[in-house]
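S.K.: What follows is the file my_file_28.tsv, containing TSV, C-alpha atoms and all ligand atoms:
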chain	number	residue	atom	x	y	z
A	1	MET	CA	9.11	-50.00	82.45
A	2	THR	CA	5.95	-47.95	83.08
A	3	THR	CA	2.78	-48.47	81.00
A	4	LEU	CA	0.20	-45.80	80.24
A	5	SER	CA	-2.13	-47.28	82.84
A	6	GLY	CA	0.62	-46.58	85.38
A	7	VAL	CA	1.50	-50.25	85.93
A	8	LYS	CA	5.17	-51.14	86.38
A	9	LYS	CA	6.08	-53.88	83.85
A	10	GLN	CA	9.20	-56.03	83.63
A	11	GLU	CA	12.59	-54.53	84.48
A	12	SER	CA	14.61	-53.94	81.35
A	13	GLY	CA	17.91	-52.49	80.20
A	14	LEU	CA	16.09	-49.63	78.46
A	15	PHE	CA	16.41	-46.05	79.70
A	16	ASP	CA	12.86	-45.73	81.00
A	17	VAL	CA	11.55	-42.41	79.66
A	18	TYR	CA	8.39	-43.51	77.84
A	19	PRO	CA	5.03	-44.42	79.37
A	20	ARG	CA	3.97	-47.23	77.02
A	21	PHE	CA	0.73	-48.84	75.91
A	22	ASP	CA	0.57	-52.43	77.15
A	23	VAL	CA	0.45	-53.74	73.57
A	24	THR	CA	3.16	-55.43	71.50
A	25	PRO	CA	2.62	-54.86	67.79
A	26	THR	CA	4.21	-57.49	65.58
A	27	ARG	CA	2.77	-56.47	62.21
A	28	ALA	CA	0.61	-53.75	60.71
A	29	GLU	CA	-1.41	-53.11	57.58
A	30	GLY	CA	-3.20	-49.97	56.45
A	31	VAL	CA	-4.96	-48.44	59.45
A	32	TYR	CA	-4.54	-51.54	61.63
A	33	VAL	CA	-1.83	-52.81	63.96
A	34	PHE	CA	-1.77	-56.48	65.08
A	35	ASP	CA	-0.28	-57.83	68.31
A	36	GLN	CA	1.53	-61.11	68.90
A	37	ASP	CA	-1.83	-62.94	69.23
A	38	ASP	CA	-2.99	-61.34	65.97
A	39	LYS	CA	-5.48	-59.15	67.86
A	40	ARG	CA	-6.33	-56.21	65.59
A	41	TYR	CA	-6.13	-52.56	66.76
A	42	LEU	CA	-7.49	-49.53	64.88
A	43	ASP	CA	-4.65	-46.99	64.74
A	44	LEU	CA	-6.10	-43.52	65.31
A	45	TYR	CA	-2.78	-42.39	66.80
A	46	GLY	CA	-0.71	-43.19	63.69
A	47	GLY	CA	2.41	-43.91	65.75
A	48	HIS	CA	2.37	-40.25	66.92
A	49	GLY	CA	1.07	-38.69	63.70
A	50	VAL	CA	3.68	-40.40	61.57
A	51	MET	CA	1.67	-42.77	59.37
A	52	SER	CA	0.56	-40.76	56.35
A	53	ILE	CA	-0.11	-43.44	53.72
A	54	GLY	CA	-0.81	-46.26	56.19
A	55	HIS	CA	1.20	-49.14	57.57
A	56	SER	CA	3.16	-51.32	55.13
A	57	HIS	CA	1.56	-49.73	52.08
A	58	PRO	CA	2.41	-52.01	49.09
A	59	GLU	CA	3.83	-49.10	47.02
A	60	TYR	CA	6.03	-48.06	49.95
A	61	VAL	CA	7.26	-51.60	50.58
A	62	THR	CA	8.02	-52.06	46.86
A	63	GLN	CA	9.90	-48.78	46.41
A	64	VAL	CA	11.92	-49.08	49.64
A	65	THR	CA	12.80	-52.74	48.92
A	66	ARG	CA	13.78	-51.95	45.32
A	67	GLN	CA	16.04	-49.13	46.52
A	68	LEU	CA	17.64	-51.25	49.23
A	69	ASN	CA	18.55	-53.82	46.61
A	70	LYS	CA	20.32	-51.10	44.58
A	71	ILE	CA	22.01	-48.76	47.09
A	72	GLY	CA	20.73	-47.98	50.58
A	73	PHE	CA	23.07	-45.21	51.66
A	74	TYR	CA	25.66	-42.78	50.57
A	75	SER	CA	26.38	-39.43	52.18
A	76	ASN	CA	25.85	-35.96	50.72
A	77	SER	CA	29.35	-35.99	49.23
A	78	VAL	CA	28.17	-37.42	45.89
A	79	LEU	CA	25.58	-36.63	43.21
A	80	MET	CA	22.14	-37.98	44.09
A	81	PRO	CA	19.48	-37.59	41.38
A	82	ILE	CA	16.98	-39.27	43.71
A	83	GLN	CA	17.13	-36.10	45.90
A	84	GLU	CA	16.22	-34.00	42.84
A	85	GLU	CA	13.30	-36.33	42.11
A	86	PHE	CA	12.12	-35.96	45.72
A	87	SER	CA	12.42	-32.19	45.56
A	88	ASP	CA	10.52	-31.97	42.23
A	89	LYS	CA	7.67	-34.12	43.54
A	90	LEU	CA	7.46	-32.36	46.92
A	91	THR	CA	7.52	-28.82	45.57
A	92	SER	CA	4.97	-29.71	42.91
A	93	LEU	CA	2.51	-31.44	45.28
A	94	SER	CA	2.86	-28.77	47.99
A	95	GLY	CA	2.55	-25.85	45.56
A	96	TYR	CA	5.89	-24.38	46.74
A	97	THR	CA	7.31	-24.82	43.26
A	98	ASP	CA	10.21	-22.34	43.53
A	99	TYR	CA	11.35	-23.37	47.03
A	100	GLN	CA	14.60	-25.22	47.84
A	101	LEU	CA	14.73	-28.46	49.86
A	102	PHE	CA	17.15	-29.36	52.65
A	103	PHE	CA	16.98	-32.87	54.12
A	104	CYS	CA	17.48	-33.89	57.76
A	105	ASN	CA	16.22	-36.72	59.96
A	106	SER	CA	13.59	-35.58	62.46
A	107	GLY	CA	11.19	-32.83	63.46
A	108	ALA	CA	13.48	-31.31	66.08
A	109	GLU	CA	16.32	-31.25	63.59
A	110	ALA	CA	14.11	-29.56	61.00
A	111	ASN	CA	13.22	-26.78	63.46
A	112	GLU	CA	16.82	-26.54	64.70
A	113	ASN	CA	18.02	-25.95	61.15
A	114	GLY	CA	15.10	-23.65	60.35
A	115	LEU	CA	15.91	-21.34	63.27
A	116	LYS	CA	19.63	-21.37	62.50
A	117	LEU	CA	18.96	-20.58	58.87
A	118	ALA	CA	16.71	-17.64	59.81
A	119	SER	CA	19.49	-16.29	62.02
A	120	PHE	CA	22.15	-16.81	59.33
A	121	HIS	CA	19.94	-15.04	56.79
A	122	THR	CA	18.89	-12.05	58.90
A	123	GLY	CA	22.02	-11.74	61.04
A	124	LYS	CA	19.71	-11.39	64.08
A	125	THR	CA	19.47	-13.48	67.25
A	126	LYS	CA	16.04	-13.38	68.94
A	127	VAL	CA	12.94	-15.48	68.21
A	128	ILE	CA	9.22	-15.07	68.82
A	129	ALA	CA	7.32	-18.26	69.67
A	130	PHE	CA	3.88	-19.04	71.12
A	131	LYS	CA	2.47	-20.30	74.40
A	132	GLY	CA	1.60	-24.00	74.24
A	133	SER	CA	4.20	-24.67	71.54
A	134	PHE	CA	6.22	-27.86	71.10
A	135	HIS	CA	9.03	-27.78	68.57
A	136	GLY	CA	11.33	-30.61	69.72
A	137	ARG	CA	14.09	-31.45	72.17
A	138	THR	CA	17.35	-30.26	70.56
A	139	ALA	CA	18.84	-27.00	71.84
A	140	ALA	CA	17.20	-24.34	69.66
A	141	ALA	CA	13.96	-26.29	69.14
A	142	LEU	CA	13.66	-26.79	72.89
A	143	ASN	CA	14.38	-23.14	73.56
A	144	VAL	CA	11.27	-22.15	71.55
A	145	THR	CA	9.17	-24.90	73.19
A	146	ASP	CA	6.84	-23.63	75.90
A	147	ASN	CA	7.67	-26.27	78.51
A	148	SER	CA	10.51	-25.46	80.88
A	149	ARG	CA	10.31	-28.95	82.44
A	150	LEU	CA	12.00	-30.36	79.33
A	151	SER	CA	15.07	-28.11	79.70
A	152	ALA	CA	18.28	-29.27	81.41
A	153	PRO	CA	20.40	-26.69	83.23
A	154	LEU	CA	22.66	-26.34	80.17
A	155	ASN	CA	19.66	-25.29	78.08
A	156	LYS	CA	18.98	-22.23	80.24
A	157	ASN	CA	21.46	-19.76	78.69
A	158	ASN	CA	20.30	-19.95	75.10
A	159	PHE	CA	19.16	-17.22	72.68
A	160	GLU	CA	16.34	-14.91	73.79
A	161	VAL	CA	12.78	-16.04	73.10
A	162	VAL	CA	9.53	-14.14	73.66
A	163	PHE	CA	6.47	-16.37	74.10
A	164	LEU	CA	3.19	-14.74	73.01
A	165	GLU	CA	-0.44	-15.84	73.24
A	166	LEU	CA	-1.60	-17.32	69.95
A	167	ASN	CA	-3.70	-14.88	67.91
A	168	ASP	CA	-2.64	-11.80	69.90
A	169	LYS	CA	-1.91	-9.24	67.15
A	170	GLU	CA	-1.06	-6.42	69.54
A	171	ALA	CA	1.53	-8.47	71.42
A	172	LEU	CA	3.12	-9.53	68.13
A	173	THR	CA	3.31	-5.96	66.88
A	174	GLU	CA	4.95	-4.90	70.12
A	175	ALA	CA	7.43	-7.81	70.18
A	176	LEU	CA	8.46	-7.25	66.57
A	177	LYS	CA	9.48	-3.65	67.38
A	178	ASP	CA	12.68	-5.24	68.70
A	179	LYS	CA	15.02	-4.99	65.71
A	180	ASP	CA	16.96	-8.13	66.69
A	181	VAL	CA	14.14	-10.63	65.99
A	182	SER	CA	15.29	-13.12	63.35
A	183	ALA	CA	12.19	-15.33	63.22
A	184	VAL	CA	8.65	-16.00	64.32
A	185	ILE	CA	8.10	-19.76	64.69
A	186	VAL	CA	4.59	-21.18	64.82
A	187	GLU	CA	2.97	-24.61	64.41
A	188	GLY	CA	0.34	-24.92	61.67
A	189	ILE	CA	-1.82	-26.44	64.42
A	190	GLN	CA	-0.32	-27.11	67.86
A	191	GLY	CA	0.10	-30.85	68.33
A	192	VAL	CA	1.54	-31.76	71.71
A	193	GLY	CA	0.10	-28.55	73.21
A	194	GLY	CA	-3.49	-29.62	72.51
A	195	LEU	CA	-4.69	-28.60	69.03
A	196	ASP	CA	-4.91	-24.83	69.49
A	197	ALA	CA	-4.15	-23.05	66.24
A	198	PRO	CA	-3.30	-19.66	64.79
A	199	SER	CA	-6.42	-18.35	63.02
A	200	ASP	CA	-6.20	-17.78	59.26
A	201	ASP	CA	-6.52	-14.06	59.92
A	202	PHE	CA	-3.71	-14.11	62.48
A	203	LEU	CA	-1.40	-16.04	60.13
A	204	ASN	CA	-1.96	-13.39	57.48
A	205	PHE	CA	-1.10	-10.73	60.05
A	206	VAL	CA	2.05	-12.60	61.15
A	207	SER	CA	3.16	-13.00	57.55
A	208	GLU	CA	2.69	-9.28	56.75
A	209	THR	CA	4.24	-8.08	60.02
A	210	CYS	CA	7.29	-10.34	59.59
A	211	LYS	CA	7.89	-8.90	56.12
A	212	LYS	CA	7.66	-5.35	57.48
A	213	HIS	CA	10.23	-6.05	60.18
A	214	GLU	CA	12.55	-8.25	58.12
A	215	ALA	CA	12.02	-11.27	60.34
A	216	LEU	CA	11.44	-14.70	58.78
A	217	LEU	CA	8.26	-16.71	59.25
A	218	VAL	CA	9.17	-20.29	60.17
A	219	LEU	CA	6.20	-22.63	59.95
A	220	ASP	CA	6.52	-25.82	61.98
A	221	GLU	CA	4.45	-28.26	59.91
A	222	VAL	CA	6.15	-31.32	61.43
A	223	GLN	CA	2.81	-32.69	62.64
A	224	SER	CA	0.20	-30.63	60.78
A	225	GLY	CA	1.82	-30.94	57.35
A	226	TYR	CA	1.94	-33.55	54.62
A	227	GLY	CA	-1.79	-33.52	53.86
A	228	ARG	CA	-3.03	-34.18	57.38
A	229	THR	CA	-5.41	-31.19	57.50
A	230	GLY	CA	-6.83	-31.57	53.99
A	231	ARG	CA	-4.27	-29.18	52.43
A	232	PHE	CA	-0.60	-30.06	51.93
A	233	PHE	CA	0.32	-27.71	54.79
A	234	ALA	CA	-2.08	-26.43	57.46
A	235	HIS	CA	-1.00	-22.79	56.91
A	236	GLN	CA	-2.15	-23.04	53.27
A	237	HIS	CA	-5.76	-22.83	54.53
A	238	ALA	CA	-4.85	-19.19	55.29
A	239	ASN	CA	-3.47	-18.64	51.77
A	240	ILE	CA	-0.12	-17.42	53.01
A	241	SER	CA	3.38	-18.62	52.25
A	242	ALA	CA	6.12	-19.00	54.85
A	243	ASP	CA	9.83	-18.33	54.45
A	244	ILE	CA	10.88	-21.66	55.92
A	245	ILE	CA	8.65	-24.71	56.35
A	246	CYS	CA	9.78	-27.49	58.68
A	247	MET	CA	8.59	-31.04	58.00
A	248	ALA	CA	9.03	-34.56	59.39
A	249	LYS	CA	6.50	-37.16	60.67
A	250	GLY	CA	4.29	-37.94	57.62
A	251	MET	CA	7.20	-37.28	55.24
A	252	GLY	CA	8.62	-40.80	55.62
A	253	ASN	CA	5.57	-42.78	56.82
A	254	GLY	CA	7.78	-44.25	59.55
A	255	PHE	CA	11.17	-43.83	57.91
A	256	PRO	CA	13.01	-41.10	59.88
A	257	ILE	CA	13.03	-38.17	57.45
A	258	GLY	CA	12.85	-34.46	58.14
A	259	GLY	CA	13.25	-31.51	55.85
A	260	LEU	CA	13.01	-27.79	55.23
A	261	LEU	CA	11.38	-26.01	52.34
A	262	ILE	CA	13.27	-22.75	51.93
A	263	ALA	CA	12.13	-19.62	50.07
A	264	PRO	CA	14.10	-18.65	46.95
A	265	HIS	CA	15.32	-15.39	48.52
A	266	ILE	CA	17.32	-17.32	51.13
A	267	ASN	CA	20.73	-18.22	49.76
A	268	ALA	CA	22.73	-21.33	50.57
A	269	THR	CA	26.44	-21.17	51.22
A	270	SER	CA	28.71	-24.17	51.38
A	271	GLY	CA	28.72	-25.82	54.83
A	272	MET	CA	25.99	-23.56	56.26
A	273	LEU	CA	23.85	-26.59	57.20
A	274	GLY	CA	24.73	-30.25	57.01
A	275	THR	CA	23.97	-33.83	58.04
A	276	THR	CA	25.43	-37.30	57.51
A	277	PHE	CA	22.21	-39.28	57.14
A	278	GLY	CA	19.74	-36.69	55.80
A	279	GLY	CA	18.53	-37.35	52.26
A	280	ASN	CA	20.19	-40.75	51.87
A	281	HIS	CA	19.00	-43.04	49.07
A	282	LEU	CA	16.75	-45.21	51.22
A	283	ALA	CA	15.16	-42.22	52.95
A	284	CYS	CA	14.49	-40.64	49.55
A	285	ALA	CA	12.90	-43.83	48.22
A	286	ALA	CA	10.59	-43.94	51.26
A	287	GLY	CA	9.73	-40.24	50.89
A	288	ILE	CA	9.06	-40.52	47.17
A	289	ALA	CA	6.76	-43.51	47.75
A	290	VAL	CA	4.83	-41.33	50.24
A	291	LEU	CA	4.48	-38.46	47.77
A	292	ASP	CA	3.49	-40.80	44.90
A	293	THR	CA	0.83	-42.43	47.06
A	294	LEU	CA	-0.55	-39.17	48.48
A	295	LYS	CA	-1.00	-38.01	44.88
A	296	ASN	CA	-2.11	-41.23	43.15
A	297	GLU	CA	-4.64	-42.14	45.85
A	298	SER	CA	-5.84	-38.54	46.48
A	299	LEU	CA	-5.14	-38.95	50.19
A	300	ILE	CA	-5.13	-35.23	50.97
A	301	GLU	CA	-8.66	-35.00	49.60
A	302	ASN	CA	-9.52	-38.17	51.53
A	303	ALA	CA	-8.35	-36.58	54.79
A	304	ALA	CA	-10.80	-33.71	54.20
A	305	HIS	CA	-13.58	-36.10	53.15
A	306	VAL	CA	-13.32	-38.41	56.17
A	307	SER	CA	-13.09	-35.40	58.47
A	308	GLU	CA	-16.29	-33.94	57.01
A	309	PHE	CA	-18.00	-37.18	58.02
A	310	LEU	CA	-16.32	-37.53	61.42
A	311	ILE	CA	-16.77	-34.04	62.89
A	312	PRO	CA	-20.60	-33.92	62.60
A	313	GLU	CA	-20.79	-37.49	63.96
A	314	LEU	CA	-18.71	-36.50	67.00
A	315	LYS	CA	-20.85	-33.41	67.50
A	316	THR	CA	-23.87	-35.65	68.14
A	317	ILE	CA	-22.21	-36.99	71.32
A	318	PRO	CA	-23.40	-34.74	74.21
A	319	SER	CA	-20.40	-35.17	76.54
A	320	ILE	CA	-17.96	-33.89	73.91
A	321	LYS	CA	-17.33	-30.25	74.78
A	322	LYS	CA	-15.35	-29.11	71.76
A	323	ILE	CA	-13.75	-30.43	68.59
A	324	LYS	CA	-10.47	-28.77	67.66
A	325	GLY	CA	-8.17	-29.02	64.67
A	326	ARG	CA	-8.71	-29.66	60.99
A	327	GLY	CA	-8.88	-32.62	58.63
A	328	LEU	CA	-7.44	-35.70	60.31
A	329	MET	CA	-5.58	-33.76	62.99
A	330	LEU	CA	-8.37	-33.50	65.53
A	331	GLY	CA	-8.69	-32.90	69.25
A	332	VAL	CA	-11.82	-34.13	71.00
A	333	GLU	CA	-12.20	-32.20	74.23
A	334	PHE	CA	-14.17	-33.20	77.34
A	335	ASP	CA	-14.89	-31.58	80.70
A	336	TYR	CA	-12.78	-34.20	82.45
A	337	PRO	CA	-9.46	-36.03	81.96
A	338	VAL	CA	-9.50	-38.64	79.18
A	339	LYS	CA	-6.92	-41.02	80.64
A	340	GLU	CA	-9.53	-43.63	81.57
A	341	LEU	CA	-11.41	-43.17	78.30
A	342	ARG	CA	-8.20	-43.76	76.29
A	343	SER	CA	-7.53	-46.94	78.28
A	344	LYS	CA	-11.08	-48.19	77.67
A	345	LEU	CA	-10.84	-47.44	73.94
A	346	LEU	CA	-7.55	-49.31	73.75
A	347	TYR	CA	-8.17	-52.32	75.94
A	348	ASP	CA	-11.95	-52.83	75.47
A	349	PHE	CA	-12.37	-51.66	71.85
A	350	GLN	CA	-8.82	-52.05	70.45
A	351	ILE	CA	-8.56	-48.42	69.33
A	352	PHE	CA	-5.35	-46.40	69.71
A	353	THR	CA	-5.83	-42.67	70.38
A	354	GLY	CA	-3.37	-39.94	71.39
A	355	GLY	CA	-3.19	-37.62	74.39
A	356	SER	CA	-1.68	-34.13	74.70
A	357	ALA	CA	-0.61	-31.54	77.27
A	358	ASN	CA	-4.33	-30.88	77.77
A	359	PRO	CA	-5.44	-33.83	79.96
A	360	ASN	CA	-9.06	-33.44	78.75
A	361	LEU	CA	-8.27	-33.93	75.08
A	362	LEU	CA	-8.17	-37.03	72.86
A	363	ARG	CA	-5.82	-36.53	69.90
A	364	ILE	CA	-6.83	-38.21	66.64
A	365	LEU	CA	-4.12	-38.67	63.99
A	366	PRO	CA	-5.01	-41.66	61.79
A	367	PRO	CA	-3.30	-42.64	58.53
A	368	LEU	CA	-4.69	-40.43	55.74
A	369	ASN	CA	-6.03	-43.40	53.78
A	370	ILE	CA	-8.53	-44.32	56.50
A	371	THR	CA	-12.07	-44.76	55.16
A	372	ILE	CA	-15.41	-43.73	56.67
A	373	GLU	CA	-16.16	-47.39	57.21
A	374	GLU	CA	-12.88	-47.90	59.10
A	375	ILE	CA	-13.30	-44.85	61.36
A	376	THR	CA	-16.98	-45.52	62.21
A	377	PRO	CA	-16.18	-48.06	64.99
A	378	PHE	CA	-14.49	-45.18	66.86
A	379	VAL	CA	-17.71	-43.17	66.89
A	380	GLN	CA	-19.67	-46.27	67.94
A	381	ALA	CA	-17.17	-47.04	70.73
A	382	LEU	CA	-17.35	-43.46	72.05
A	383	LYS	CA	-21.18	-43.60	72.05
A	384	LYS	CA	-21.09	-46.88	74.00
A	385	VAL	CA	-18.52	-45.75	76.58
A	386	LEU	CA	-20.04	-42.28	77.08
A	387	LYS	CA	-23.75	-43.23	77.27
B	401	LIG	C1	4.99	-29.71	65.87
B	401	LIG	C2	6.17	-30.57	66.22
B	401	LIG	N1	7.40	-30.10	66.01
B	401	LIG	C3	8.49	-30.83	66.29
B	401	LIG	C4	8.38	-32.09	66.82
B	401	LIG	C5	9.60	-32.89	67.14
B	401	LIG	O1	9.74	-33.93	66.23
B	401	LIG	P1	10.74	-35.15	66.51
B	401	LIG	O2	10.17	-35.92	67.64
B	401	LIG	O3	10.75	-35.90	65.19
B	401	LIG	O4	12.07	-34.56	66.80
B	401	LIG	C6	7.12	-32.62	67.08
B	401	LIG	C7	6.96	-33.97	67.68
B	401	LIG	O5	5.95	-34.37	68.16
B	401	LIG	C8	5.97	-31.84	66.77
B	401	LIG	O6	4.74	-32.28	67.00
As a first step, turn the structure in this file into structure tokens.

M.R.:
Amino acid sequence: MTTLSGVKKQESGLFDVYPRFDVTPTRAEGVYVFDQDDKRYLDLYGGHGVMSIGHSHPEYVTQVTRQLNKIGFYSNSVLMPIQEEFSDKLTSLSGYTDYQLFFCNSGAEANENGLKLASFHTGKTKVIAFKGSFHGRTAAALNVTDNSRLSAPLNKNNFEVVFLELNDKEALTEALKDKDVSAVIVEGIQGVGGLDAPSDDFLNFVSETCKKHEALLVLDEVQSGYGRTGRFFAHQHANISADIICMAKGMGNGFPIGGLLIAPHINATSGMLGTTFGGNHLACAAGIAVLDTLKNESLIENAAHVSEFLIPELKTIPSIKKIKGRGLMLGVEFDYPVKELRSKLLYDFQIFTGGSANPNLLRILPPLNITIEEITPFVQALKKVLK
């Protein structure tokens, strides 16, 4: 097994595809993770942007436990009022009150279904995506991901995709002249790619141009959604609505849940999409606990509030070149690779941070209930390491 510092650890029976932190969490609470010696780590990585309401939140533990004691799972072959409750709460909190909800299990699956649905609806086959994108590792999601290294030979002969520079209106206009484009897929803010984002102006242009050409706008909010940027979805800063919104990560606070919000003009037909596990009782209980907590504890507002403190603090550090992103989805960019800095933060200061395709960028994705007091040690640690 390889660790992030490049050290080979013990041999194991695991298929060795992940570089791992040399830390073994055994419990977690709020914004902290504890190892087997009860050493405390500040989690600014959020288990890859997943922790929305914080680790082992009492409301989450209570609702999931209560549900497990009643019924944990049944498939989508029966009536499930808990799915209706989830849908009511999600559409109300996100402002997409007339949209329909489809459940799945992961971010890739959400995008896979989103792209298929756009193609079913329009009857067209091609897709426009953007340079630097990451949409997941299943066939269609991978095909619109701008990283050919992730594709196996069998992925090569998929549907046609045109990759454009983000924020290039001319290129989009040109590409949408092709009458066979079913969808434009874009991340609210690019995560894995390194926190580049479509501007609010560009998103408005994409939305209008898609309507003109009868292509659907598919917004990948898998990482940037669920309150992380200070609005429910990142694209809502631009005051647009998308046709299909793909969600996962923060949706389950660690429980594997994905989903699509689907515009009312897109009709469902029996068997068009489907899943065995998606929307099961336990997943719904976890997802409802997340939505209740986001609302009751005003965590979306908190994400904006903590960010308004953090960004100016980071700007006082001279070696930081640029701060990207919004809310609590931030990229802190330097003139040099951050590999060593991330190791120092982790092993000397017990602070988890994320990386990205940009080697010079620290990715910050803490639970949305982090306080100013809890995030301040990160600023202090950076000042110490970078002095
Ligand atoms: C924007 C975005 N879309 C899709 C995915 C894929 O999600 P999953 O790993 O749950 O399949 C990710 C994962 O990092 C992501 O950041």

S.K.: Give me, as JSON, numbers by chain, the set of residues whose atoms come within 6 Å of any atom of ligand LIG 401 (chain B), counting only C-alpha atoms and all ligand atoms.

M.R.: {"A": [106, 107, 108, 134, 135, 136, 187, 191, 192, 220, 222, 223]}

S.K.: Using all atoms listed in the file, which residue out of A:Lys249, A:Lys126, A:Lys339, A:His281 lies closest to Leu68 in chain A?

M.R.: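 Looking only at the distances to Leu68 in chain A, the closest residue turns out to be A:His281.
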
S.K.: Fewer than 5 positions away in the same chain doesn't count, so skip those; otherwise give me all residues within 7 Å of range 315-327 of chain A, counting only C-alpha atoms, as a list in words.

M.R.: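 Counting only C-alpha atoms, the residues come to Ile189, Leu195, Arg228, Thr229, Gly230, Ala303, Ala304, Ser307, Val332, Glu333, Phe334, Asp335 and Lys383 of chain A.
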
S.K.: So how many Å separate CA of Asn253 in chain A and CA of Arg149 in chain A, to one decimal?

M.R.: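 Going from CA of Asn253 in chain A over to CA of Arg149 in chain A covers 29.5 Å.
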
S.K.: My list of candidates is A:Ala175, A:Val161, A:Ala238, A:Val385. Which is closest to Leu203 in chain A when distances are computed with all atoms listed in the file?

M.R.: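 Of all the options, A:Ala238 lies closest to Leu203 in chain A.
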
S.K.: Pick the closest to Gly250 in chain A from A:Met329, A:Val50, A:Ala183, A:Ala28: which is it, counting all atoms listed in the file?

M.R.: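 Going through A:Met329, A:Val50, A:Ala183, A:Ala28 one by one, the smallest distance to Gly250 in chain A is for A:Val50.
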
S.K.: Counting all atoms listed in the file, which residues come within 10 Å of (21.6, -9.7, 61.1), with the point read in the file's coordinates, and could you list them as a ChimeraX atom specification?

M.R.: /A:118-125,179-182,214-215

S.K.: So that I can check the surroundings of Leu219 in chain A, please list as an MDAnalysis selection string every protein, DNA and RNA residue that reaches within 12 Å of it, counting all atoms listed in the file and ignoring chain neighbours fewer than 6 positions away.

M.R.: chainID A and resid 107 110:111 114:115 118 129:130 133 135 183:190 198 203 206:207 225 233:236 240:247 260:263

S.K.: Out of A:Asp38, A:Leu345, A:Ile351, A:Asn113, which residue has the shortest atom-to-atom distance to Met272 in chain A when counting only C-alpha atoms?

M.R.: A:Asn113

S.K.: Restricting the calculation to all atoms listed in the file, which member of A:Phe205, A:Ala152, A:Ala381, A:Asn143 is positioned closest to Asp168 in chain A?

M.R.: A:Phe205

S.K.: Calculated over all atoms listed in the file, which of the candidates A:Glu84, A:Gly331, A:Asp292, A:Gly132 has the smallest distance to Ala357 in chain A?

M.R.: A:Gly132

S.K.: Pick out the residues sitting within 9 Å of range 101-105 of chain A, and hand them over as a PyMOL selection string; count all atoms listed in the file, and ignore anything fewer than 6 positions along from it in its own chain.

M.R.: chain A and resi 83+86-87+90-91+113+248+255-262+273-280+283

S.K.: Which neighbours of Gly46 in chain A fall inside 12 Å, counting all atoms listed in the file, when residues of the same chain fewer than 6 positions from it are skipped, and could you give them as a tab-separated table (two decimals) with C-alpha atoms, in the coordinates of the input?

M.R.:
chain	number	residue	atom	x	y	z
A	28	ALA	CA	0.61	-53.75	60.71
A	29	GLU	CA	-1.41	-53.11	57.58
A	30	GLY	CA	-3.20	-49.97	56.45
A	31	VAL	CA	-4.96	-48.44	59.45
A	32	TYR	CA	-4.54	-51.54	61.63
A	33	VAL	CA	-1.83	-52.81	63.96
A	52	SER	CA	0.56	-40.76	56.35
A	53	ILE	CA	-0.11	-43.44	53.72
A	54	GLY	CA	-0.81	-46.26	56.19
A	55	HIS	CA	1.20	-49.14	57.57
A	223	GLN	CA	2.81	-32.69	62.64
A	228	ARG	CA	-3.03	-34.18	57.38
A	249	LYS	CA	6.50	-37.16	60.67
A	250	GLY	CA	4.29	-37.94	57.62
A	253	ASN	CA	5.57	-42.78	56.82
A	254	GLY	CA	7.78	-44.25	59.55
A	328	LEU	CA	-7.44	-35.70	60.31
A	329	MET	CA	-5.58	-33.76	62.99
A	351	ILE	CA	-8.56	-48.42	69.33
A	352	PHE	CA	-5.35	-46.40	69.71
A	353	THR	CA	-5.83	-42.67	70.38
A	354	GLY	CA	-3.37	-39.94	71.39
A	363	ARG	CA	-5.82	-36.53	69.90
A	364	ILE	CA	-6.83	-38.21	66.64
A	365	LEU	CA	-4.12	-38.67	63.99
A	366	PRO	CA	-5.01	-41.66	61.79
A	367	PRO	CA	-3.30	-42.64	58.53
A	368	LEU	CA	-4.69	-40.43	55.74
A	369	ASN	CA	-6.03	-43.40	53.78
A	370	ILE	CA	-8.53	-44.32	56.50

S.K.: Do you know which residues are at most 12 Å from Asn69 in chain A counting only C-alpha atoms, after dropping those on the same chain fewer than 6 positions away, and could you put them as number ranges by chain?

M.R.: A: 62-63, 281-282, 285
